[in-house]
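What's in model31.pdb: PDB, C-alpha atoms
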```pdb
ATOM      1  CA  MET H   1     -55.399 -25.343  39.575
ATOM      2  CA  SER H   2     -51.973 -26.913  40.222
ATOM      3  CA  GLN H   3     -49.789 -23.875  39.637
ATOM      4  CA  PRO H   4     -49.305 -21.270  42.377
ATOM      5  CA  ARG H   5     -51.441 -18.169  41.928
ATOM      6  CA  PRO H   6     -50.376 -14.619  42.698
ATOM      7  CA  ASP H   7     -52.360 -12.988  45.518
ATOM      8  CA  PRO H   8     -54.700 -10.671  43.589
ATOM      9  CA  VAL H   9     -55.317  -8.475  46.651
ATOM     10  CA  GLN H  10     -52.883  -5.655  47.500
ATOM     11  CA  PRO H  11     -52.343  -3.897  50.834
ATOM     12  CA  ALA H  12     -54.215  -0.586  51.070
ATOM     13  CA  ASP H  13     -52.625   2.729  50.070
ATOM     14  CA  ASP H  14     -53.908   6.239  50.809
ATOM     15  CA  ASN H  15     -56.050   6.333  47.662
ATOM     16  CA  ALA H  16     -57.705   3.042  48.606
ATOM     17  CA  ARG H  17     -58.361   4.238  52.173
ATOM     18  CA  SER H  18     -59.829   7.507  50.927
ATOM     19  CA  LEU H  19     -62.089   5.750  48.402
ATOM     20  CA  ALA H  20     -63.276   3.251  51.036
ATOM     21  CA  ARG H  21     -64.251   6.080  53.419
ATOM     22  CA  LYS H  22     -66.039   7.931  50.598
ATOM     23  CA  LEU H  23     -68.075   4.824  49.692
ATOM     24  CA  LEU H  24     -69.047   4.335  53.348
ATOM     25  CA  SER H  25     -69.957   7.979  54.007
ATOM     26  CA  GLU H  26     -72.051   8.356  50.845
ATOM     27  CA  ALA H  27     -73.998   5.086  51.118
ATOM     28  CA  THR H  28     -77.641   5.264  52.222
ATOM     29  CA  HIS H  29     -78.273   1.576  51.562
ATOM     30  CA  ALA H  30     -76.241  -1.617  51.286
ATOM     31  CA  ALA H  31     -76.541  -5.275  50.346
ATOM     32  CA  LEU H  32     -76.369  -7.521  53.417
ATOM     33  CA  ALA H  33     -75.328 -11.192  53.320
ATOM     34  CA  TYR H  34     -76.448 -13.214  56.323
ATOM     35  CA  THR H  35     -76.849 -16.835  57.394
ATOM     36  CA  ASP H  36     -80.433 -18.121  57.229
ATOM     37  CA  PRO H  37     -81.156 -19.591  60.684
ATOM     38  CA  ALA H  38     -83.515 -22.239  59.224
ATOM     39  CA  THR H  39     -81.195 -23.668  56.556
ATOM     40  CA  ALA H  40     -77.702 -22.285  57.370
ATOM     41  CA  ALA H  41     -77.558 -21.256  53.686
ATOM     42  CA  PRO H  42     -76.636 -17.694  52.721
ATOM     43  CA  GLY H  43     -79.395 -15.093  52.473
ATOM     44  CA  ILE H  44     -79.294 -11.572  51.076
ATOM     45  CA  SER H  45     -81.296  -8.364  51.673
ATOM     46  CA  ARG H  46     -81.131  -4.686  50.839
ATOM     47  CA  ILE H  47     -80.745  -2.670  54.026
ATOM     48  CA  ALA H  48     -80.739   0.993  54.958
ATOM     49  CA  PHE H  49     -77.168   2.073  55.734
ATOM     50  CA  GLY H  50     -75.437   4.925  57.501
ATOM     51  CA  LEU H  51     -72.557   5.758  59.835
ATOM     52  CA  CYS H  52     -72.936   6.725  63.479
ATOM     53  CA  PRO H  53     -71.101   9.846  64.741
ATOM     54  CA  ALA H  54     -68.092   7.591  65.524
ATOM     55  CA  TYR H  55     -68.073   6.378  61.876
ATOM     56  CA  GLN H  56     -69.331   2.885  62.747
ATOM     57  CA  PRO H  57     -71.688   1.339  60.145
ATOM     58  CA  MET H  58     -75.320   1.044  61.230
ATOM     59  CA  THR H  59     -78.666  -0.049  59.885
ATOM     60  CA  LEU H  60     -82.326   0.230  60.863
ATOM     61  CA  VAL H  61     -84.246  -3.044  60.556
ATOM     62  CA  SER H  62     -87.836  -4.170  60.876
ATOM     63  CA  ALA H  63     -88.576  -7.205  63.011
ATOM     64  CA  LEU H  64     -90.605  -8.496  60.054
ATOM     65  CA  SER H  65     -87.521  -8.701  57.803
ATOM     66  CA  ALA H  66     -85.754 -11.988  57.104
ATOM     67  CA  HIS H  67     -82.397 -10.546  58.150
ATOM     68  CA  HIS H  68     -83.705  -9.415  61.572
ATOM     69  CA  ALA H  69     -84.245 -13.016  62.653
ATOM     70  CA  ALA H  70     -80.994 -14.064  60.985
ATOM     71  CA  LEU H  71     -78.823 -11.448  62.717
ATOM     72  CA  THR H  72     -80.374 -12.319  66.066
ATOM     73  CA  THR H  73     -79.219 -15.931  65.615
ATOM     74  CA  HIS H  74     -75.970 -15.395  63.645
ATOM     75  CA  PRO H  75     -74.498 -11.905  64.197
ATOM     76  CA  GLU H  76     -71.705 -12.531  61.669
ATOM     77  CA  ALA H  77     -72.656 -10.914  58.351
ATOM     78  CA  ALA H  78     -71.160  -9.145  55.340
ATOM     79  CA  LEU H  79     -72.194  -5.976  53.550
ATOM     80  CA  MET H  80     -71.406  -4.254  50.273
ATOM     81  CA  VAL H  81     -71.685  -0.548  49.425
ATOM     82  CA  GLY H  82     -70.870   1.297  46.196
ATOM     83  CA  GLU H  83     -73.328   1.985  43.383
ATOM     84  CA  VAL H  84     -72.987   0.961  39.768
ATOM     85  CA  GLY H  85     -73.052   3.945  37.406
ATOM     86  CA  ASP H  86     -74.888   4.091  34.088
ATOM     87  CA  LYS H  87     -71.867   3.510  31.882
ATOM     88  CA  GLY H  88     -69.256   0.836  31.251
ATOM     89  CA  ASP H  89     -68.750  -2.635  32.686
ATOM     90  CA  PRO H  90     -70.573  -2.806  36.073
ATOM     91  CA  LEU H  91     -67.619  -4.740  37.508
ATOM     92  CA  THR H  92     -65.270  -1.759  37.023
ATOM     93  CA  HIS H  93     -67.284   0.423  39.448
ATOM     94  CA  PRO H  94     -65.736   0.552  42.932
ATOM     95  CA  ARG H  95     -67.405  -1.250  45.826
ATOM     96  CA  LEU H  96     -66.430  -1.990  49.398
ATOM     97  CA  MET H  97     -67.144  -5.313  51.093
ATOM     98  CA  LEU H  98     -67.109  -5.528  54.899
ATOM     99  CA  ARG H  99     -67.269  -8.534  57.162
ATOM    100  CA  VAL H 100     -69.260  -7.292  60.159
ATOM    101  CA  ARG H 101     -70.645  -8.353  63.504
ATOM    102  CA  ALA H 102     -74.175  -7.117  64.214
ATOM    103  CA  SER H 103     -75.368  -5.909  67.612
ATOM    104  CA  PHE H 104     -78.865  -4.617  68.282
ATOM    105  CA  ILE H 105     -79.074  -1.305  70.135
ATOM    106  CA  ASP H 106     -81.513  -1.451  73.018
ATOM    107  CA  ARG H 107     -84.084   1.343  72.801
ATOM    108  CA  LYS H 108     -83.531   1.966  76.532
ATOM    109  CA  SER H 109     -79.746   2.271  76.271
ATOM    110  CA  PRO H 110     -78.275   5.715  76.966
ATOM    111  CA  ASP H 111     -76.777   5.754  73.435
ATOM    112  CA  HIS H 112     -80.098   5.284  71.697
ATOM    113  CA  PRO H 113     -81.506   8.845  71.539
ATOM    114  CA  ALA H 114     -78.374  10.354  69.958
ATOM    115  CA  LEU H 115     -78.015   7.478  67.484
ATOM    116  CA  ARG H 116     -81.703   7.787  66.541
ATOM    117  CA  ASP H 117     -81.395  11.520  65.915
ATOM    118  CA  HIS H 118     -78.175  11.089  63.913
ATOM    119  CA  TRP H 119     -79.783   8.337  61.805
ATOM    120  CA  LEU H 120     -82.659  10.662  60.890
ATOM    121  CA  LEU H 121     -80.232  13.303  59.582
ATOM    122  CA  GLY H 122     -79.122  10.848  56.888
ATOM    123  CA  HIS H 123     -82.488   9.094  56.456
ATOM    124  CA  PRO H 124     -85.203  11.722  56.979
ATOM    125  CA  LYS H 125     -87.955   9.498  55.540
ATOM    126  CA  ALA H 126     -87.315   6.975  58.339
ATOM    127  CA  ARG H 127     -89.052   9.439  60.707
ATOM    128  CA  LEU H 128     -92.295   7.733  59.628
ATOM    129  CA  TYR H 129     -91.335   4.386  61.246
ATOM    130  CA  ILE H 130     -88.136   4.634  63.331
ATOM    131  CA  ASP H 131     -90.130   4.850  66.586
ATOM    132  CA  PHE H 132     -92.313   1.823  65.846
ATOM    133  CA  ALA H 133     -91.729  -0.907  68.440
ATOM    134  CA  ASP H 134     -90.682  -3.441  65.785
ATOM    135  CA  PHE H 135     -87.868  -1.343  64.279
ATOM    136  CA  ALA H 136     -84.367  -1.503  65.711
ATOM    137  CA  LEU H 137     -81.072   0.264  65.130
ATOM    138  CA  VAL H 138     -78.242  -2.227  64.652
ATOM    139  CA  ARG H 139     -74.487  -1.650  64.792
ATOM    140  CA  LEU H 140     -72.515  -3.463  62.083
ATOM    141  CA  GLN H 141     -69.024  -3.520  63.551
ATOM    142  CA  PRO H 142     -66.383  -4.115  60.842
ATOM    143  CA  VAL H 143     -64.147  -7.164  61.225
ATOM    144  CA  SER H 144     -62.300  -6.889  57.899
ATOM    145  CA  ALA H 145     -62.639  -4.999  54.627
ATOM    146  CA  LEU H 146     -61.931  -5.490  50.928
ATOM    147  CA  LEU H 147     -62.090  -2.693  48.367
ATOM    148  CA  ASN H 148     -62.587  -3.655  44.744
ATOM    149  CA  GLY H 149     -61.950  -0.842  42.291
ATOM    150  CA  GLY H 150     -62.185  -3.003  39.165
ATOM    151  CA  PHE H 151     -60.172  -5.858  37.630
ATOM    152  CA  GLY H 152     -56.735  -6.085  39.197
ATOM    153  CA  LYS H 153     -57.512  -3.317  41.699
ATOM    154  CA  ALA H 154     -58.441  -5.119  44.921
ATOM    155  CA  PHE H 155     -57.163  -3.893  48.275
ATOM    156  CA  ARG H 156     -57.292  -5.424  51.743
ATOM    157  CA  LEU H 157     -58.007  -2.773  54.402
ATOM    158  CA  GLU H 158     -57.562  -2.773  58.144
ATOM    159  CA  VAL H 159     -60.552  -1.771  60.264
ATOM    160  CA  GLU H 160     -58.666   1.426  61.249
ATOM    161  CA  ASP H 161     -58.392   2.361  57.566
ATOM    162  CA  LEU H 162     -62.161   2.955  57.556
ATOM    163  CA  LEU H 163     -61.894   5.782  60.107
ATOM    164  CA  PRO H 164     -60.962   9.373  59.203
ATOM    165  CA  PRO H 165     -57.220  10.161  59.543
ATOM    166  CA  THR H 166     -56.459  11.638  62.958
TER     167      THR H 166
ATOM    168  CA  MET U   1     -91.839 -11.041  70.509
ATOM    169  CA  SER U   2     -94.641 -12.834  72.397
ATOM    170  CA  GLN U   3     -97.584 -11.837  70.220
ATOM    171  CA  PRO U   4     -98.235 -13.656  66.944
ATOM    172  CA  ARG U   5     -97.042 -11.712  63.890
ATOM    173  CA  PRO U   6     -98.813 -11.564  60.559
ATOM    174  CA  ASP U   7     -96.828 -13.140  57.705
ATOM    175  CA  PRO U   8     -95.530 -10.057  55.868
ATOM    176  CA  VAL U   9     -94.946 -12.025  52.651
ATOM    177  CA  GLN U  10     -97.811 -12.565  50.205
ATOM    178  CA  PRO U  11     -98.189 -15.222  47.491
ATOM    179  CA  ALA U  12     -97.198 -13.944  44.037
ATOM    180  CA  ASP U  13     -99.740 -12.409  41.662
ATOM    181  CA  ASP U  14     -99.287 -11.681  37.940
ATOM    182  CA  ASN U  15     -97.845  -8.223  38.599
ATOM    183  CA  ALA U  16     -95.252  -9.668  40.989
ATOM    184  CA  ARG U  17     -94.297 -12.402  38.498
ATOM    185  CA  SER U  18     -93.971  -9.884  35.687
ATOM    186  CA  LEU U  19     -91.829  -7.530  37.790
ATOM    187  CA  ALA U  20     -89.581 -10.399  38.926
ATOM    188  CA  ARG U  21     -88.962 -11.471  35.306
ATOM    189  CA  LYS U  22     -88.256  -7.857  34.309
ATOM    190  CA  LEU U  23     -85.675  -7.461  37.092
ATOM    191  CA  LEU U  24     -83.962 -10.712  36.055
ATOM    192  CA  SER U  25     -83.924  -9.968  32.330
ATOM    193  CA  GLU U  26     -82.602  -6.400  32.738
ATOM    194  CA  ALA U  27     -79.861  -7.164  35.291
ATOM    195  CA  THR U  28     -76.254  -7.186  34.058
ATOM    196  CA  HIS U  29     -74.825  -7.541  37.577
ATOM    197  CA  ALA U  30     -75.984  -8.795  40.974
ATOM    198  CA  ALA U  31     -74.933  -8.978  44.605
ATOM    199  CA  LEU U  32     -73.967 -12.528  45.597
ATOM    200  CA  ALA U  33     -74.032 -13.838  49.180
ATOM    201  CA  TYR U  34     -71.891 -16.919  49.771
ATOM    202  CA  THR U  35     -70.409 -18.922  52.627
ATOM    203  CA  ASP U  36     -66.706 -18.237  53.223
ATOM    204  CA  PRO U  37     -65.016 -21.670  53.206
ATOM    205  CA  ALA U  38     -62.369 -20.546  55.729
ATOM    206  CA  THR U  39     -64.685 -19.122  58.406
ATOM    207  CA  ALA U  40     -68.201 -20.355  57.475
ATOM    208  CA  ALA U  41     -69.264 -16.698  57.868
ATOM    209  CA  PRO U  42     -71.228 -14.941  55.116
ATOM    210  CA  GLY U  43     -69.309 -13.205  52.339
ATOM    211  CA  ILE U  44     -70.568 -10.877  49.618
ATOM    212  CA  SER U  45     -69.389  -9.917  46.113
ATOM    213  CA  ARG U  46     -70.631  -8.082  43.057
ATOM    214  CA  ILE U  47     -70.954 -10.489  40.152
ATOM    215  CA  ALA U  48     -71.719 -10.211  36.455
ATOM    216  CA  PHE U  49     -75.254 -11.501  35.827
ATOM    217  CA  GLY U  50     -77.299 -12.705  32.889
ATOM    218  CA  LEU U  51     -79.840 -15.312  31.806
ATOM    219  CA  CYS U  52     -79.071 -18.252  29.540
ATOM    220  CA  PRO U  53     -81.388 -18.921  26.559
ATOM    221  CA  ALA U  54     -83.528 -21.101  28.890
ATOM    222  CA  TYR U  55     -83.893 -18.144  31.322
ATOM    223  CA  GLN U  56     -81.628 -19.679  33.988
ATOM    224  CA  PRO U  57     -79.454 -17.186  35.908
ATOM    225  CA  MET U  58     -75.748 -17.320  35.128
ATOM    226  CA  THR U  59     -72.541 -15.575  36.022
ATOM    227  CA  LEU U  60     -68.964 -15.440  34.751
ATOM    228  CA  VAL U  61     -66.355 -15.678  37.525
ATOM    229  CA  SER U  62     -62.602 -15.390  37.787
ATOM    230  CA  ALA U  63     -60.731 -18.097  39.676
ATOM    231  CA  LEU U  64     -59.004 -15.253  41.561
ATOM    232  CA  SER U  65     -62.298 -14.043  43.102
ATOM    233  CA  ALA U  66     -63.248 -14.870  46.690
ATOM    234  CA  HIS U  67     -66.616 -16.242  45.590
ATOM    235  CA  HIS U  68     -65.047 -18.693  43.105
ATOM    236  CA  ALA U  69     -63.416 -20.666  45.909
ATOM    237  CA  ALA U  70     -66.535 -20.288  48.058
ATOM    238  CA  LEU U  71     -68.955 -21.637  45.438
ATOM    239  CA  THR U  72     -66.658 -24.572  44.761
ATOM    240  CA  THR U  73     -66.906 -25.553  48.432
ATOM    241  CA  HIS U  74     -70.493 -24.423  49.232
ATOM    242  CA  PRO U  75     -72.665 -24.247  46.103
ATOM    243  CA  GLU U  76     -75.617 -22.824  48.080
ATOM    244  CA  ALA U  77     -75.726 -19.042  47.627
ATOM    245  CA  ALA U  78     -78.148 -16.118  47.341
ATOM    246  CA  LEU U  79     -78.306 -13.250  44.893
ATOM    247  CA  MET U  80     -80.089  -9.923  44.620
ATOM    248  CA  VAL U  81     -80.918  -7.936  41.481
ATOM    249  CA  GLY U  82     -82.750  -4.603  41.077
ATOM    250  CA  GLU U  83     -81.108  -1.182  41.009
ATOM    251  CA  VAL U  84     -81.818   1.725  43.303
ATOM    252  CA  GLY U  85     -82.938   4.809  41.398
ATOM    253  CA  ASP U  86     -81.847   8.364  42.115
ATOM    254  CA  LYS U  87     -84.968   9.438  43.985
ATOM    255  CA  GLY U  88     -86.872   8.506  47.122
ATOM    256  CA  ASP U  89     -86.196   6.001  49.894
ATOM    257  CA  PRO U  90     -83.815   3.317  48.505
ATOM    258  CA  LEU U  91     -85.857   0.647  50.303
ATOM    259  CA  THR U  92     -88.933   1.405  48.171
ATOM    260  CA  HIS U  93     -87.154   0.374  44.935
ATOM    261  CA  PRO U  94     -88.025  -3.182  43.856
ATOM    262  CA  ARG U  95     -85.460  -5.941  44.188
ATOM    263  CA  LEU U  96     -85.541  -9.708  43.749
ATOM    264  CA  MET U  97     -83.705 -12.098  46.058
ATOM    265  CA  LEU U  98     -83.002 -15.654  44.906
ATOM    266  CA  ARG U  99     -81.661 -18.631  46.824
ATOM    267  CA  VAL U 100     -79.560 -20.475  44.257
ATOM    268  CA  ARG U 101     -77.361 -23.507  43.782
ATOM    269  CA  ALA U 102     -74.213 -22.863  41.760
ATOM    270  CA  SER U 103     -72.772 -25.312  39.213
ATOM    271  CA  PHE U 104     -69.660 -24.619  37.159
ATOM    272  CA  ILE U 105     -69.984 -25.253  33.418
ATOM    273  CA  ASP U 106     -67.114 -27.307  32.083
ATOM    274  CA  ARG U 107     -65.429 -25.611  29.126
ATOM    275  CA  LYS U 108     -65.450 -28.966  27.315
ATOM    276  CA  SER U 109     -69.170 -29.613  27.835
ATOM    277  CA  PRO U 110     -71.328 -29.562  24.673
ATOM    278  CA  ASP U 111     -73.402 -26.691  26.170
ATOM    279  CA  HIS U 112     -70.419 -24.379  26.631
ATOM    280  CA  PRO U 113     -70.027 -22.784  23.178
ATOM    281  CA  ALA U 114     -73.672 -21.679  22.915
ATOM    282  CA  LEU U 115     -73.716 -20.386  26.524
ATOM    283  CA  ARG U 116     -70.464 -18.482  25.908
ATOM    284  CA  ASP U 117     -71.829 -16.834  22.758
ATOM    285  CA  HIS U 118     -75.127 -15.967  24.455
ATOM    286  CA  TRP U 119     -73.279 -14.474  27.442
ATOM    287  CA  LEU U 120     -71.307 -12.174  25.119
ATOM    288  CA  LEU U 121     -74.530 -10.792  23.604
ATOM    289  CA  GLY U 122     -75.435  -9.373  27.017
ATOM    290  CA  HIS U 123     -71.865  -8.638  28.169
ATOM    291  CA  PRO U 124     -69.873  -7.629  25.080
ATOM    292  CA  LYS U 125     -66.957  -6.283  27.149
ATOM    293  CA  ALA U 126     -66.410  -9.786  28.568
ATOM    294  CA  ARG U 127     -64.965 -10.757  25.155
ATOM    295  CA  LEU U 128     -61.644  -9.459  26.544
ATOM    296  CA  TYR U 129     -61.405 -12.203  29.177
ATOM    297  CA  ILE U 130     -64.130 -14.867  28.782
ATOM    298  CA  ASP U 131     -61.696 -17.274  27.058
ATOM    299  CA  PHE U 132     -58.973 -16.968  29.710
ATOM    300  CA  ALA U 133     -58.383 -20.321  31.394
ATOM    301  CA  ASP U 134     -59.194 -18.934  34.841
ATOM    302  CA  PHE U 135     -62.686 -17.634  33.974
ATOM    303  CA  ALA U 136     -65.701 -19.899  34.241
ATOM    304  CA  LEU U 137     -69.392 -19.674  33.421
ATOM    305  CA  VAL U 138     -71.525 -20.728  36.391
ATOM    306  CA  ARG U 139     -75.205 -21.634  36.463
ATOM    307  CA  LEU U 140     -77.098 -20.218  39.469
ATOM    308  CA  GLN U 141     -80.139 -22.470  39.619
ATOM    309  CA  PRO U 142     -82.993 -20.852  41.607
ATOM    310  CA  VAL U 143     -84.249 -22.710  44.670
ATOM    311  CA  SER U 144     -86.682 -20.055  45.952
ATOM    312  CA  ALA U 145     -87.435 -16.391  45.329
ATOM    313  CA  LEU U 146     -88.644 -13.328  47.216
ATOM    314  CA  LEU U 147     -89.686 -10.082  45.542
ATOM    315  CA  ASN U 148     -89.623  -6.943  47.625
ATOM    316  CA  GLY U 149     -91.384  -3.996  46.045
ATOM    317  CA  GLY U 150     -91.192  -1.736  49.101
ATOM    318  CA  PHE U 151     -92.630  -1.714  52.616
ATOM    319  CA  GLY U 152     -95.554  -4.113  52.890
ATOM    320  CA  LYS U 153     -95.075  -5.347  49.314
ATOM    321  CA  ALA U 154     -93.146  -8.616  49.646
ATOM    322  CA  PHE U 155     -94.068 -11.641  47.552
ATOM    323  CA  ARG U 156     -92.934 -15.257  47.684
ATOM    324  CA  LEU U 157     -92.451 -16.695  44.194
ATOM    325  CA  GLU U 158     -92.194 -20.228  42.920
ATOM    326  CA  VAL U 159     -89.234 -21.110  40.716
ATOM    327  CA  GLU U 160     -91.662 -21.504  37.785
ATOM    328  CA  ASP U 161     -92.831 -17.908  38.279
ATOM    329  CA  LEU U 162     -89.399 -16.738  37.074
ATOM    330  CA  LEU U 163     -89.915 -18.277  33.606
ATOM    331  CA  PRO U 164     -91.890 -16.596  30.816
ATOM    332  CA  PRO U 165     -95.588 -17.633  30.613
ATOM    333  CA  THR U 166     -96.060 -20.509  28.162
TER     334      THR U 166
END
```
Kindly return the structure encoded in the file as C-alpha cells.
Amino acid sequence: MSQPRPDPVQPADDNARSLARKLLSEATHAALAYTDPATAAPGISRIAFGLCPAYQPMTLVSALSAHHAALTTHPEAALMVGEVGDKGDPLTHPRLMLRVRASFIDRKSPDHPALRDHWLLGHPKARLYIDFADFALVRLQPVSALLNGGFGKAFRLEVEDLLPPT
Amino acid sequence: MSQPRPDPVQPADDNARSLARKLLSEATHAALAYTDPATAAPGISRIAFGLCPAYQPMTLVSALSAHHAALTTHPEAALMVGEVGDKGDPLTHPRLMLRVRASFIDRKSPDHPALRDHWLLGHPKARLYIDFADFALVRLQPVSALLNGGFGKAFRLEVEDLLPPT
C-alpha cells in the first residue's frame, strides 16, 4: 500500500455519458444503499425506479419498508442501476452508481398529480397501490455519479452529464 | 404516522429458509452497500459473490475499488442477492438482504489456498486476476438477514437459517 496508485477513474466522454443516460432511462428498479437509523450501519433494498419528466431519478416507497424510515432520517443515499446479462463475468456488465439526496413529494403539492401520472406510464402495475396513503413518491436528486463499464472502464460523471444534451 | 402499524416482517418458515439458501448458493454477484470513509454517506457497488466451503459469503475485491477502502475503514456493510427476471413487477422477484461484517483474508493465512481454489470453481474467469497483489478475498460474515419475496412476503431470518439443515 506504500506505492502511489494511478487513479482508476477517468473523466467522462460522450460514450460514457450516453451509456449512463441509457442505463437510467431503461431502469425500472434499482438497488438502494441507505443508513439504518437504528444502528448507523449501511442497509440495502431493491426499489422501484424511474425518471420524472425532467429526467430526475424517482422512486415509489411504502411506509412499511425499511428504507422509508431510513430516508426520512438520513436523506443521503446511493443507488445502482444496470442489469447483469446471462453471459460472461457479471462484473463486465455496465452499471451506474449515483450518490443521491432523497426528498419526499407531498401528496398535496402542485407537482404531485403530474409526477404520479408520469410514474404510472413506466410502472403500470403500481396503479394497484400508488394511491394508498402509505405510499410516497420520492425524488432521488443526484449528487455525483460513477459509471463502471467493466475492469479498467470507470468514469466519473458530472450531474449535468445525466441530462439529455441540449 | 400516529396509528400503530402491523409488523410487516414475519418469522422465517422452512420455505423462506430454503429460498434464502437457494438465492445465496446461486448468486455469482451481489450489490454491496458500504459507508464512504470520506463522507460517511452510503455508497454502493456491484461485487463478485460466492460461498466458501462452510457456506459463509465471500467476495474478491480490487484495491482500486471504492468499496475496498470503505470496508477497510468501516467493516459493517449490507448486501443483496437475487436477480430480477424478465417478466412482471421487479419488486415481486425474491431477494435476500444481509447485514454483514467484512474481514480481509490474509494471503499468507493457512486458509487462503483452499479459499482461493474454491472461489475459482464458482468464478473461473477470476483466474486472470485473483493472484494479483492488489486483489483480496474478503469474508462477509452475516449479522442478520431479511428475505423479501414480494409485497407482504417479508421474512426475518436468523444467521443459522442461512446454513444447510444438519
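Considering all atoms listed in the file, the residue among H:Leu79, H:Leu128, H:Ala114, H:Met58 positioned nearest to Ile44 of chain U is H:Leu79.
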Can you build me a table of chain U residues sitting at most 8 Å from chain H, with the closest atom pair per residue and its distance in Å to one decimal, using all atoms listed in the file, sorted by chain and residue number, as a tab-separated table?
```
residue	atom	partner	partner_atom	distance
U:Pro8	CA	H:Leu64	CA	6.6
U:Thr28	CA	H:Pro90	CA	7.5
U:His29	CA	H:Pro90	CA	6.5
U:Ala31	CA	H:Ala31	CA	7.0
U:Leu32	CA	H:Ile44	CA	7.7
U:Ala33	CA	H:Ala33	CA	5.1
U:Tyr34	CA	H:Pro42	CA	5.6
U:Thr35	CA	H:Pro42	CA	6.3
U:Ala41	CA	H:Glu76	CA	6.1
U:Pro42	CA	H:Ala77	CA	5.4
U:Gly43	CA	H:Ala78	CA	5.4
U:Ile44	CA	H:Ala78	CA	6.0
U:Ser45	CA	H:Met97	CA	7.1
U:Arg46	CA	H:Leu91	CA	7.1
U:Ile47	CA	H:Leu91	CA	7.2
U:Ala48	CA	H:Leu91	CA	6.9
U:Leu64	CA	H:Pro8	CA	6.6
U:Glu76	CA	H:Ala41	CA	6.1
U:Ala77	CA	H:Pro42	CA	5.3
U:Ala78	CA	H:Gly43	CA	5.4
U:Leu79	CA	H:Ile44	CA	6.5
U:Met80	CA	H:Ile44	CA	6.7
U:Asp89	CA	H:Lys125	CA	6.9
U:Pro90	CA	H:His29	CA	6.6
U:Leu91	CA	H:Ala48	CA	6.9
U:Met97	CA	H:Ile44	CA	6.7
U:Arg99	CA	H:Gly43	CA	7.0
U:Lys125	CA	H:Asp89	CA	6.9
```
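For Arg107 of chain U, the set of protein, DNA and RNA residues having any atom at most 10 Å away, when counting all atoms listed in the file and skipping those fewer than 6 positions along the same chain, is Pro113, Arg116, Asp131, Ala133, Phe135, Ala136 and Leu137 of chain U.
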Spatial neighbours of Val138 of chain H, 10 Å, all atoms listed in the file, chain gap at least 3 places, as a PDB file with C-alpha atoms, keeping the file's coordinate frame:
```pdb
ATOM      1  CA  PHE H  49     -77.168   2.073  55.734  1.00  0.00           C
ATOM      2  CA  PRO H  57     -71.688   1.339  60.145  1.00  0.00           C
ATOM      3  CA  MET H  58     -75.320   1.044  61.230  1.00  0.00           C
ATOM      4  CA  THR H  59     -78.666  -0.049  59.885  1.00  0.00           C
ATOM      5  CA  LEU H  60     -82.326   0.230  60.863  1.00  0.00           C
ATOM      6  CA  VAL H  61     -84.246  -3.044  60.556  1.00  0.00           C
ATOM      7  CA  HIS H  68     -83.705  -9.415  61.572  1.00  0.00           C
ATOM      8  CA  LEU H  71     -78.823 -11.448  62.717  1.00  0.00           C
ATOM      9  CA  ARG H 101     -70.645  -8.353  63.504  1.00  0.00           C
ATOM     10  CA  ALA H 102     -74.175  -7.117  64.214  1.00  0.00           C
ATOM     11  CA  SER H 103     -75.368  -5.909  67.612  1.00  0.00           C
ATOM     12  CA  PHE H 104     -78.865  -4.617  68.282  1.00  0.00           C
ATOM     13  CA  ILE H 105     -79.074  -1.305  70.135  1.00  0.00           C
ATOM     14  CA  ASP H 106     -81.513  -1.451  73.018  1.00  0.00           C
ATOM     15  CA  PHE H 135     -87.868  -1.343  64.279  1.00  0.00           C
ATOM     16  CA  GLN H 141     -69.024  -3.520  63.551  1.00  0.00           C
TER      17      GLN H 141
END
```
Report the distance between atom CA of Leu51 of chain H and atom CA of Ser144 of chain H in Å, rounded to one decimal place.
16.4 Å
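Picture a line from atom CA of Leu163 of chain H to atom CA of Leu19 of chain H; it runs 11.7 Å.
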Tell me which protein, DNA and RNA residues are within 10 Å of Pro53 of chain H, counting only C-alpha atoms, leaving out same-chain ones fewer than 6 positions away, and put them as a count of residues only.
4
Which residue gives the smallest distance to Tyr55 of chain U among U:Ala12, U:Ile130, U:Leu140, U:Ala145, with all atoms listed in the file counted?
U:Leu140
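Taking atom CA of Glu158 of chain U and atom CA of Ala54 of chain U as the two end points, the separation is 16.5 Å.
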Would you compute an axis-aligned box for segment 116-129 of chain H, covering every atom listed for it in the file with 5 Å of margin on each side, and report centre and edge lengths in Å to one decimal as JSON?
```
{"center_x": -85.2, "center_y": 8.8, "center_z": 61.0, "size_x": 24.1, "size_y": 18.9, "size_z": 21.0}
```
